[in-house]
Structures are given as C-alpha cells and as structure tokens.
Amino acid sequence: MDTQFAGEHLLPGQLGQFFIILSFGSAFLATISYYFATVKDTLDDSWQRIARIGFGLNFISVIGVGACLFYIIYNHYFEYHYAWAHSSKALPTYYIISCFWEGQEGSFWLWMFWQAVLSSILIWKAKSWENSVMTTVMLSQTFIASMLLGVEILGTRIGSSPFILLRDAIDGPIFSRPDYLSLIPDGNGLNPLLQNYWMVIHPPTLFLGFASMIVPFAYAIAGLWQKKHKEWPGVALPWALFAVMILGTGIIMGSFWAYEALNFGGFWAWDPVENASIIPWLMLIAAVHVILAFKSSGHSYFTATFLTLISFVLVLYASFLTRSGILGETSVHAFTDLGMFGHLLLYLAVFAIIPIVLMVVRWKGMPITQKDEETYSREFWLFIGALVLTVSCIQVIATTSIPVFNAVFGTKIAPPPNVIQHYNKWQVPFAVIVAIISGFTQFLKYRTTDSKKFWRKIIISIIIALCITAGFVYVAKVYANLMYILLTFAGVFSIVTNFDILFDALKGKWKLAGSSVAHIGFALLLIGALVSAATNEVVSVNSTGLIAVEGFDKVEKPRENLMLYQGEPLAMDKYTITYVGDSIEGPNVYYRVNYKTIDKSTGKVKEEFDLYPNAQQNPKMGLIASPDTRHYLTYDIYTHATAAPPKEDKHEAHEGHSDEEEYDTPITKEVSPGDTVKYNNGIIVVKSVNKNATIEKIPLTPGDVAVGMQLEVVTKGKTYNVEPLYLIKNGNKFDFAKTIDEAGLKFRFSNIFPAKDKLELMVYQKPLTPKKWIVLKAIKFPFINLFWGGTIIMVIGFLLSIFRRQKELKRLS
C-alpha cells in the first residue's frame, strides 16, 4: 500500500483502479459467456444471463472509472500524474472536460464508454443476434480495458493507468519530502491548441464514431460464424450508416476546430492523424454501398463482407499509428508512446486474424453470384465506386504509413516534401470519379436498366451541369487547373442528378430521399473544399516585404503579414484595419482589430466590424494563436496574429523587436553648426562638426572620412552632450547612431550635402509608453460555406437513410 504523503488523496485513485480491474474482468467474463451462449446448442440461457451480468458490471465499472478520474481532475489533485500533466487551476470547467481526454488513458476510457453505451443498445435491440455480436464487442471492450490496467506481470507492463501517482511516474528528489505537494502549486495545463470549445465536443463525437464501427464488424463476424451470410447485411446496414454519419461528423468537427482554432490557415492539412480517421470512414462508405448492392441483387457478398471487416481493422490500425509513437514528429496530433506498442499491435492482430480465419473457413459456403453484373445495373457501378474508394484509401494509407515501413524494413524513405500537394494530386482524380459515379448511378436500376431512358436523363443532366459549371468556374476563378474544373463539374453533375431523384421523392417516394440528400451534401462538400482550398488568397499583402520582428522571416512570409500599431489605421484589400487594443482572459490575449469598408466617392463607412483573434505566449510552444473569422455568404475573412509582444512584462514588450521600432517616427532636419532644433521635450543645439572623429575598432585609411556632429541636448532641465558619427570608407557611406537612454533619445548623422553646406540629422524619441503592436495575417476563403453546408446536408441524408432502413427491419421482423 502507498505511504500517505502530506495532502495526498489516495482513495479516489484506489477506487478508480479497482473499477479499471473490474471493467477488465467483467468484460472478459462477458466475452467468454457470450461465446459459450453462441456455441452451446441448448435452450438454456444461463450463459447469456451470466454474460449480461458481466456486461452490467462492466458498464458500472466504466462509469466508476470516469467518475473517479473526473473527480481527481476537477479537484486539482496534482498528486496524480494524469491531473498534473493535463490540467491546471486556471482552466474553466468546460476545458477541464477537455483535459479528461487529452491524454491517451482518458481517450481510451472515452472509447470504452461509448462501446458500453452501444452494447446496452445491442442487448435491447439485437434479439437473436445478441450472443454472437456481443462476443465480438465485449472482446474489443476487454482489450480497451486492458489498456488502462497499468499493472506489471512477470516484468511486463500491461497498459497505462490514469490513476498512477505523480511520485511513481516521475523520479525526482522532490518526492523524498513528505510535503512535496506544497512545492507543486499547479499542473502543466491543457495544451493551448486544445483550449477551444470544439475540443469539448469533437473528441466524444469522433470516439463514438470509432466505437460504432465495431457494430457492423461484429455483425459481419456473426454472419460468418453462424453461416447467416444473407441475413447479417440487412441488420448491420443501419448500424453502418450510423457509424458513417457519426464518424463523418466527428471528422468534420475536427475540420471546424482546425479552421477556428489552429493558425495554419485551413480546415484540412492531410496530417497523419487526420488521414488515420478518414481512411476507415471512406472504407465503410464503400462497404455501405456494396451492402446495398448485395441486399438488392445478391451480388458482391465477399466484397461487402471484406470492406465491412477491414473498416474496423483500419480503425485499430489508426489507433496503432496515433498511439504507438511510431509517427514520431510527422504529426502534431499523435500521442507519445506509453510503452503500449506491442499491446496495440496485439489488439490489431487479433481483430485482423479472426476475420481472415472465418473467411477462409466459410469460403465455400459464401453466396456466389452465378453470372456477372450487367453494365447497365446499379450494383455494377456501386462495386466500381467502392473499388475506387478502396484504391483511394490505399494511396492515403501507403503515404501515411511511411514511418511504419521505415521502422519495419529499416528503410529511410522520406515523406513528401509538400504533403498537401502530394495528396491532392492523387485524391482529386479519385474524387472526380466517385462524384460522377454517385451521380449517374441514381438513374440505374438493380439488375438491368432501360439504356435509352438512362442516356436521355444523363445527357440532359450533363448539359445542365456543364452550364452551371461554366458559370461557377468563372465566378469562383478555378479555371487555372483542368483537374479542378473536372472536379467542379463532377460535383455539379452529382448534385443535378441527385436533385432529379430528390424531386421524385417530393412527389411521394420518400424512401429515395436519404441517398440523394447524402450525395448532394457530399458533392457540395467536395466543391466547397476544392474552391476554398484552391482559390483562397492572402489579403494582408505587405508591399515592403519587411516585418520589424527579429527572426520573423524564418517562420512566416513577411509579404503576407502586416504590422499593426495600436491606433494607426492601415489599408488592407478593400478594408481599413486598425488595431484598437487588447484584453486578457486567462492565458489568452484577445486583440481587437477594427475593419472598415469606406466608400471612396463619399468617404462614408459602408461596413464596420471587429474581429478578436487571440494568442498566448506558451513557454514550451511559443506563440499559440487562434483566429477569428468574419463570415459572409460567399466567403470568409480569416484573421490571426502571427507575432505579438509578450504580455507578462511591459518592459519586455519589444523583446525580439528591431531597435528603431521602439521609437516614434524620426524627425529629419537639414542643419548647420549653430542651428537649434526643437522637439517634443526640449531643444537640440548643433555645436560644431568634428572633422577628426575616430570610430572604435574601425581603422581609417587614406581617403576615408570620419565626421562627428557635436550636439548639446537640453531636456527636462538636464543637458547632455552626444556625438553621432558619419563615415565614408572605401566609397561606402555609414552612420553610427548615439543614444541618450535616460532621455529616450537616439540621434543619427545620416548624410552630408556639400552643395548646400548642410548636414542631415535624424532624431528618434521613444514614446512615453511603448507602442503596442501585433503582426496580422488575413486570408480570404471563397465559398467555404459550401463545405460546411454540404456537411450538414450529408448528415441529414444519413439520418433519413437510417430511418428508412430501420423501418425496413421492423417490417421484416
């Protein structure tokens, strides 16, 4: 038993660890019991009763684990490593929730929780399928529970517990003190990139999607196991549609987060973690379409089964990629390795081997199509579309898995230098084909189709689509790239054809609406993603190409950024923008930037609004900026700070800033000895010219000229003498400024005009308070609302399809 150190609260952790062990044991009990309930050919349901008891205990224990962990985080018990590593006292409650799943252990719990929720629904709804389906689901639950055990058996550590104490996780002299907690006033805090409201809802939605992928997989396994080849696709279809809808929603929520919280200027970056989530989603979409083909025509059973099974296997592969540490530095989203490489690999291997074995064993009994599909049949083109999606996924998997290939084979393959360009080059053609197929298949019927009617509708649709595409391409300005034009046409064609079907649905054929609505949404999503990504433009154009912040050009392009000083308006595109001021909320500084559109003829303000991009200076990650966006119907103005002074110390506000930017605009005067120059706080008398000046560490050679301007400065009752220098050496001109720090002054002897017998003097004065500044970047995203609107429409389509398939099942049962 752990020694009680001063201030520690051991009971919540001990209770939580008990619930973890109980969740593992109960899940294993339910797995074994459901297995025997399936294989025992008896009317006695005792095994099923034991399995349900095991599941009930598992559900209770999962809730217990979550309650204990949240209690620890919410109360800031930093004696626990998880609470210390992922939270802090300054975080509001809604971000405390985000802390819950920032770490691997919390996200595993989230996955386990959703599997428990889905399992309770299966027990209620699966009926005769309960035993066989729940065997697979509870096996997955057992594996996930084992990820949280954090116990050591025979020298091998199994899982990583969220209830490990900080003094057990980190070795340090501080933990030899009984009062070590008094030296830990706060936790590390939540990653600044996750301090966004989307991160409160995005991970739960995404993990519900991952968890729901197990259900169609489990039905496919059950169908193979019990030789119910023709039955399982029908009962699995609503679940597959649900999984596609939820996982797709979770992925798009991630895009919202990237667009609204990250400062890389977009909604999709082809990051390995993004890829790892979209691959199983696309694969299950392919599976859904082939299942539909099998249900209606009896064709493509093997393909439907394979795609359904591989979808969940790819979820596990995605989990392996993102949690094993194998991605290294290639992804900003991946978790670090917690020593579970082999554990994750075993989970993946088991769920890959089981379907392979079952498919080999049941191969001869699988439904086989006696004749090939007709070319003018829907099932044929659904199969082709699924094949294209599969090839598309293979390309993404191959590139994303480069670190895996390197680790396995000892190679040193480098990832593509321009990741976005690389993926777009491959994926845009695939998207064109999928969009076109999703369009014309709506005019095809299962088994066979009247070719004349088909071509008549296709030709009309093509003509309409060409006209709309031509107008849209002109307005959206995507005519520079042929492939972009083709994708625009493919999307428009899909919308036109599916609207034809939707029009029929409005006349009473509502069962057809779900598919067409989902396809319209998907096409709009494709067009919106293409246009906004291909034609977005930086509007914060800097004609000087200079940003007076040290090292800025090493991290950003100066010509795409504007430096704003508080209260000084600046022209940008059609706007006049002004940095008005800032406010502090927690660790974030919110910068108020005023936008105005002024009518050039009348001088009146046509439009005015404020944006509030924010940023925080993170000691580990540097400046973490989050954008703010002005939404219009046809475009967005996306604004974020790319540089800002630290907020911690006013005296350090110009750290990293160039020297001259600390001063107001200089006063430039042509003077002669004896002249007096007035400035804000005093006078400057040009006493004389020192023609025999010397410059330290610069030897003068014959022909060199070094001249000093001897000045007497009177300010605030004090007198200072200063001598800025001017040098002509080897035909080149230099000047050496002199400063009076106490008075906040700097002087430059910047030129000599022999013809006028004049000298040029530049006087710099620091403002009474340092000028506040930010560096701002603004991007215009055209037609981005097509992307977001398409997402919503697609989800509505999936909902309609789920309702339709559920009604079909009720009629059959």
# chains A, B, ... in the order shown; residues from 1 in each chain; ligands from 1
call {"tool": "residues_around", "arguments": {"residues": "range 420-425 of chain A", "least_positions_apart": "3", "cutoff": "12 Å", "atoms": "only C-alpha atoms", "output": "number ranges by chain"}}
result
A: 266-272, 275, 392-400, 415-417, 428-432, 481-484, 487, 529-530, 533-534
call {"tool": "closest_atom_pairs", "arguments": {"of": "range 618-709 of chain A", "to": "range 587-608 of chain A", "cutoff": "12 Å", "atoms": "only C-alpha atoms", "output": "CSV"}}
result
residue,atom,partner,partner_atom,distance
A:Asn618,CA,A:Pro587,CA,8.7
A:Pro619,CA,A:Pro587,CA,11.5
A:Leu623,CA,A:Asn588,CA,10.4
A:Ile624,CA,A:Asn588,CA,9.1
A:Ala625,CA,A:Asn588,CA,8.9
A:Ser626,CA,A:Tyr590,CA,9.5
A:Pro627,CA,A:Tyr590,CA,10.1
A:Asp628,CA,A:Tyr591,CA,9.9
A:Thr629,CA,A:Val593,CA,11.3
A:Arg630,CA,A:Tyr595,CA,9.9
A:Ile637,CA,A:Tyr595,CA,10.6
A:Thr639,CA,A:Val593,CA,9.3
A:His640,CA,A:Tyr591,CA,9.4
A:Ala641,CA,A:Tyr591,CA,8.4
A:Thr642,CA,A:Tyr591,CA,11.8
A:Ala643,CA,A:Tyr591,CA,11.5
A:Ala644,CA,A:Val589,CA,9.6
A:Pro645,CA,A:Val589,CA,10.3
A:Pro646,CA,A:Val589,CA,9.4
A:Lys647,CA,A:Val589,CA,7.7
A:Glu648,CA,A:Pro587,CA,10.0
call {"tool": "select_by_dssp", "arguments": {"residues": "range 227-373 of chain A", "states": "alpha helix (DSSP H)", "output": "JSON, numbers by chain"}}
result
{"A": [232, 233, 234, 235, 236, 237, 238, 239, 240, 241, 242, 243, 244, 245, 246, 247, 248, 249, 250, 251, 252, 253, 254, 255, 256, 257, 258, 259, 260, 261, 272, 273, 274, 275, 276, 277, 278, 279, 280, 281, 282, 283, 284, 285, 286, 287, 288, 289, 290, 291, 292, 293, 294, 295, 296, 297, 301, 302, 303, 304, 305, 306, 307, 308, 309, 310, 311, 312, 313, 314, 315, 316, 317, 318, 319, 320, 321, 322, 323, 341, 342, 343, 344, 345, 346, 347, 348, 349, 350, 351, 352, 353, 354, 355, 356, 357, 358, 359, 360, 361]}
call {"tool": "atom_distance", "arguments": {"atom1": "CA of Ala513 in chain A", "atom2": "CA of Glu808 in chain A"}}
result
14.9 Å
call {"tool": "select_by_dssp", "arguments": {"residues": "range 552-687 of chain A", "states": "strand (DSSP E)", "output": "JSON, numbers by chain"}}
result
{"A": [562, 563, 564, 565, 570, 571, 572, 575, 576, 577, 578, 579, 580, 581, 582, 583, 584, 585, 588, 589, 590, 591, 592, 593, 594, 595, 596, 597, 598, 605, 606, 607, 608, 609, 610, 611, 614, 615, 616, 617, 618, 622, 623, 624, 625, 626, 628, 629, 630, 631, 635, 636, 637, 638, 639, 640, 641, 642, 643, 667, 668, 669, 670, 671, 676, 677, 678, 679, 682, 683, 684, 685, 686, 687]}
call {"tool": "residues_around", "arguments": {"residues": "Ile740 in chain A", "least_positions_apart": "4", "cutoff": "9 Å", "atoms": "only C-alpha atoms", "output": "list in words"}}
result
Tyr720, Val722, Gly744, Leu745, Lys746 and Phe747 of chain A
call {"tool": "write_last_selection", "arguments": {"atoms": "N, CA, C and O atoms", "output": "CSV table (one decimal), in the first residue's frame"}}
result
chain,number,residue,atom,x,y,z
A,720,TYR,N,22.7,67.3,-22.0
A,720,TYR,CA,23.5,66.1,-22.4
A,720,TYR,C,24.3,66.5,-23.6
A,720,TYR,O,23.9,67.3,-24.5
A,722,VAL,N,26.3,64.7,-26.9
A,722,VAL,CA,26.3,63.5,-27.7
A,722,VAL,C,26.9,63.7,-29.1
A,722,VAL,O,26.7,64.9,-29.6
A,744,GLY,N,15.5,58.8,-23.5
A,744,GLY,CA,14.7,58.1,-24.5
A,744,GLY,C,15.0,58.7,-25.9
A,744,GLY,O,14.0,58.7,-26.7
A,745,LEU,N,16.2,59.1,-26.2
A,745,LEU,CA,16.5,59.7,-27.5
A,745,LEU,C,17.6,58.9,-28.2
A,745,LEU,O,18.5,58.3,-27.6
A,746,LYS,N,17.5,59.0,-29.5
A,746,LYS,CA,18.6,58.5,-30.4
A,746,LYS,C,18.8,59.4,-31.5
A,746,LYS,O,17.9,60.0,-32.1
A,747,PHE,N,20.1,59.6,-31.9
A,747,PHE,CA,20.5,60.6,-33.0
A,747,PHE,C,21.3,59.9,-34.0
A,747,PHE,O,22.2,59.1,-33.7
call {"tool": "closest_residue", "arguments": {"among": "A:His299, A:His289, A:Lys445, A:Lys127", "to": "His519 in chain A", "atoms": "only C-alpha atoms"}}
result
A:His289
call {"tool": "residues_around", "arguments": {"residues": "Leu382 in chain A", "least_positions_apart": "4", "cutoff": "10 Å", "atoms": "only C-alpha atoms", "output": "JSON, numbers by chain"}}
result
{"A": [286, 287, 288, 289, 290, 291, 292, 293, 300, 377, 378, 386, 387, 388, 434, 437, 438, 441]}
call {"tool": "write_last_selection", "arguments": {"atoms": "N, CA, C and O atoms", "output": "mmCIF file, in the first residue's frame"}}
result
data_model
loop_
_atom_site.group_PDB
_atom_site.id
_atom_site.type_symbol
_atom_site.label_atom_id
_atom_site.label_comp_id
_atom_site.auth_asym_id
_atom_site.auth_seq_id
_atom_site.Cartn_x
_atom_site.Cartn_y
_atom_site.Cartn_z
ATOM 1 N N ALA A 286 -17.736 2.811 -48.631
ATOM 2 C CA ALA A 286 -17.691 1.833 -49.729
ATOM 3 C C ALA A 286 -18.449 0.577 -49.338
ATOM 4 O O ALA A 286 -19.214 0.018 -50.148
ATOM 5 N N ALA A 287 -18.270 0.125 -48.096
ATOM 6 C CA ALA A 287 -18.960 -1.087 -47.632
ATOM 7 C C ALA A 287 -20.472 -0.918 -47.663
ATOM 8 O O ALA A 287 -21.205 -1.826 -48.083
ATOM 9 N N VAL A 288 -20.952 0.243 -47.227
ATOM 10 C CA VAL A 288 -22.404 0.510 -47.213
ATOM 11 C C VAL A 288 -22.985 0.370 -48.613
ATOM 12 O O VAL A 288 -24.046 -0.248 -48.808
ATOM 13 N N HIS A 289 -22.303 0.924 -49.614
ATOM 14 C CA HIS A 289 -22.829 0.872 -50.977
ATOM 15 C C HIS A 289 -22.832 -0.557 -51.528
ATOM 16 O O HIS A 289 -23.767 -0.954 -52.247
ATOM 17 N N VAL A 290 -21.822 -1.338 -51.171
ATOM 18 C CA VAL A 290 -21.796 -2.717 -51.660
ATOM 19 C C VAL A 290 -22.820 -3.568 -50.908
ATOM 20 O O VAL A 290 -23.417 -4.484 -51.491
ATOM 21 N N ILE A 291 -23.039 -3.285 -49.620
ATOM 22 C CA ILE A 291 -24.098 -3.973 -48.879
ATOM 23 C C ILE A 291 -25.453 -3.718 -49.539
ATOM 24 O O ILE A 291 -26.279 -4.631 -49.689
ATOM 25 N N LEU A 292 -25.679 -2.462 -49.941
ATOM 26 C CA LEU A 292 -26.931 -2.144 -50.643
ATOM 27 C C LEU A 292 -27.061 -2.942 -51.924
ATOM 28 O O LEU A 292 -28.142 -3.447 -52.258
ATOM 29 N N ALA A 293 -25.958 -3.068 -52.641
ATOM 30 C CA ALA A 293 -25.979 -3.854 -53.875
ATOM 31 C C ALA A 293 -26.283 -5.316 -53.582
ATOM 32 O O ALA A 293 -27.088 -5.953 -54.283
ATOM 33 N N SER A 300 -21.828 -9.482 -55.019
ATOM 34 C CA SER A 300 -20.706 -8.867 -54.281
ATOM 35 C C SER A 300 -20.745 -9.132 -52.782
ATOM 36 O O SER A 300 -20.404 -8.265 -51.974
ATOM 37 N N SER A 377 -26.359 -1.764 -64.733
ATOM 38 C CA SER A 377 -27.017 -2.099 -63.465
ATOM 39 C C SER A 377 -26.376 -1.294 -62.352
ATOM 40 O O SER A 377 -25.191 -0.955 -62.394
ATOM 41 N N ARG A 378 -27.164 -0.987 -61.345
ATOM 42 C CA ARG A 378 -26.659 -0.177 -60.238
ATOM 43 C C ARG A 378 -25.597 -0.926 -59.453
ATOM 44 O O ARG A 378 -24.593 -0.340 -59.038
ATOM 45 N N ALA A 386 -17.029 1.563 -55.049
ATOM 46 C CA ALA A 386 -16.367 1.045 -53.849
ATOM 47 C C ALA A 386 -14.907 0.720 -54.131
ATOM 48 O O ALA A 386 -14.024 0.956 -53.296
ATOM 49 N N LEU A 387 -14.653 0.194 -55.328
ATOM 50 C CA LEU A 387 -13.274 -0.128 -55.707
ATOM 51 C C LEU A 387 -12.418 1.144 -55.786
ATOM 52 O O LEU A 387 -11.270 1.164 -55.322
ATOM 53 N N VAL A 388 -12.985 2.204 -56.361
ATOM 54 C CA VAL A 388 -12.254 3.480 -56.462
ATOM 55 C C VAL A 388 -11.956 4.033 -55.070
ATOM 56 O O VAL A 388 -10.829 4.498 -54.796
ATOM 57 N N VAL A 434 -15.555 9.319 -58.171
ATOM 58 C CA VAL A 434 -16.592 8.975 -57.186
ATOM 59 C C VAL A 434 -17.806 9.894 -57.341
ATOM 60 O O VAL A 434 -18.961 9.423 -57.302
ATOM 61 N N ILE A 437 -19.767 8.878 -60.488
ATOM 62 C CA ILE A 437 -20.485 7.612 -60.272
ATOM 63 C C ILE A 437 -21.683 7.826 -59.359
ATOM 64 O O ILE A 437 -22.772 7.282 -59.597
ATOM 65 N N SER A 438 -21.500 8.649 -58.292
ATOM 66 C CA SER A 438 -22.621 8.903 -57.376
ATOM 67 C C SER A 438 -23.747 9.641 -58.081
ATOM 68 O O SER A 438 -24.879 9.651 -57.597
ATOM 69 N N THR A 441 -25.356 6.767 -61.196
ATOM 70 C CA THR A 441 -25.951 5.534 -60.664
ATOM 71 C C THR A 441 -27.373 5.762 -60.159
ATOM 72 O O THR A 441 -28.141 4.805 -60.028
#
call {"tool": "closest_atom_pairs", "arguments": {"of": "range 191-304 of chain A", "to": "range 113-119 of chain A", "cutoff": "9 Å", "atoms": "only C-alpha atoms", "output": "Markdown table"}}
result
| residue | atom | partner | partner_atom | distance |
| --- | --- | --- | --- | --- |
| A:Pro204 | CA | A:Trp114 | CA | 8.6 |
| A:Phe207 | CA | A:Trp114 | CA | 7.4 |
| A:Leu208 | CA | A:Trp114 | CA | 5.6 |
| A:Gly209 | CA | A:Trp114 | CA | 8.9 |
| A:Phe210 | CA | A:Trp114 | CA | 9.0 |
| A:Ala211 | CA | A:Gln115 | CA | 5.4 |
| A:Ser212 | CA | A:Leu118 | CA | 7.1 |
| A:Ile214 | CA | A:Gln115 | CA | 8.3 |
| A:Val215 | CA | A:Leu118 | CA | 8.2 |
call {"tool": "write_last_selection", "arguments": {"atoms": "N, CA, C and O atoms", "output": "mmCIF file, in the first residue's frame"}}
result
data_model
loop_
_atom_site.group_PDB
_atom_site.id
_atom_site.type_symbol
_atom_site.label_atom_id
_atom_site.label_comp_id
_atom_site.auth_asym_id
_atom_site.auth_seq_id
_atom_site.Cartn_x
_atom_site.Cartn_y
_atom_site.Cartn_z
ATOM 1 N N PRO A 204 -15.444 13.452 -28.182
ATOM 2 C CA PRO A 204 -16.519 12.490 -27.896
ATOM 3 C C PRO A 204 -17.241 12.015 -29.152
ATOM 4 O O PRO A 204 -17.594 10.834 -29.263
ATOM 5 N N PHE A 207 -14.841 9.623 -31.112
ATOM 6 C CA PHE A 207 -14.691 8.303 -30.483
ATOM 7 C C PHE A 207 -15.996 7.527 -30.478
ATOM 8 O O PHE A 207 -15.969 6.289 -30.479
ATOM 9 N N LEU A 208 -17.127 8.215 -30.496
ATOM 10 C CA LEU A 208 -18.392 7.499 -30.717
ATOM 11 C C LEU A 208 -18.374 6.885 -32.115
ATOM 12 O O LEU A 208 -18.835 5.753 -32.316
ATOM 13 N N GLY A 209 -17.833 7.615 -33.084
ATOM 14 C CA GLY A 209 -17.704 7.068 -34.426
ATOM 15 C C GLY A 209 -16.801 5.851 -34.461
ATOM 16 O O GLY A 209 -17.143 4.820 -35.061
ATOM 17 N N PHE A 210 -15.631 5.942 -33.803
ATOM 18 C CA PHE A 210 -14.724 4.795 -33.753
ATOM 19 C C PHE A 210 -15.398 3.607 -33.083
ATOM 20 O O PHE A 210 -15.289 2.465 -33.543
ATOM 21 N N ALA A 211 -16.079 3.870 -31.948
ATOM 22 C CA ALA A 211 -16.727 2.785 -31.205
ATOM 23 C C ALA A 211 -17.842 2.138 -32.016
ATOM 24 O O ALA A 211 -18.014 0.910 -31.997
ATOM 25 N N SER A 212 -18.599 2.961 -32.745
ATOM 26 C CA SER A 212 -19.730 2.415 -33.511
ATOM 27 C C SER A 212 -19.270 1.563 -34.691
ATOM 28 O O SER A 212 -20.034 0.746 -35.211
ATOM 29 N N ILE A 214 -17.367 -0.865 -34.552
ATOM 30 C CA ILE A 214 -17.285 -2.262 -34.128
ATOM 31 C C ILE A 214 -18.583 -3.014 -34.428
ATOM 32 O O ILE A 214 -18.570 -4.229 -34.628
ATOM 33 N N VAL A 215 -19.712 -2.298 -34.480
ATOM 34 C CA VAL A 215 -21.009 -2.990 -34.577
ATOM 35 C C VAL A 215 -21.201 -3.657 -35.942
ATOM 36 O O VAL A 215 -21.481 -4.861 -36.009
#
call {"tool": "residues_around", "arguments": {"residues": "His86 in chain A", "least_positions_apart": "6", "cutoff": "6 Å", "atoms": "only C-alpha atoms", "output": "tab-separated table (two decimals) with all heavy atoms, in the first residue's frame"}}
result
chain	number	residue	atom	x	y	z
A	99	CYS	N	-9.58	18.26	-20.68
A	99	CYS	CA	-8.42	17.61	-20.05
A	99	CYS	C	-8.65	16.12	-19.91
A	99	CYS	O	-7.71	15.32	-19.96
A	99	CYS	CB	-8.18	18.18	-18.65
A	99	CYS	SG	-7.76	19.91	-18.60
A	189	GLY	N	-1.17	22.10	-17.22
A	189	GLY	CA	-2.20	22.77	-18.01
A	189	GLY	C	-2.52	22.05	-19.29
A	189	GLY	O	-1.79	21.18	-19.75
A	190	LEU	N	-3.63	22.45	-19.88
A	190	LEU	CA	-4.10	21.86	-21.13
A	190	LEU	C	-3.33	22.46	-22.31
A	190	LEU	O	-3.06	23.66	-22.34
A	190	LEU	CB	-5.60	22.13	-21.29
A	190	LEU	CG	-6.33	21.56	-22.49
A	190	LEU	CD1	-6.36	20.04	-22.44
A	190	LEU	CD2	-7.76	22.10	-22.55
call {"tool": "atom_distance", "arguments": {"atom1": "CA of Val705 in chain A", "atom2": "CA of Ala693 in chain A"}}
result
8.7 Å
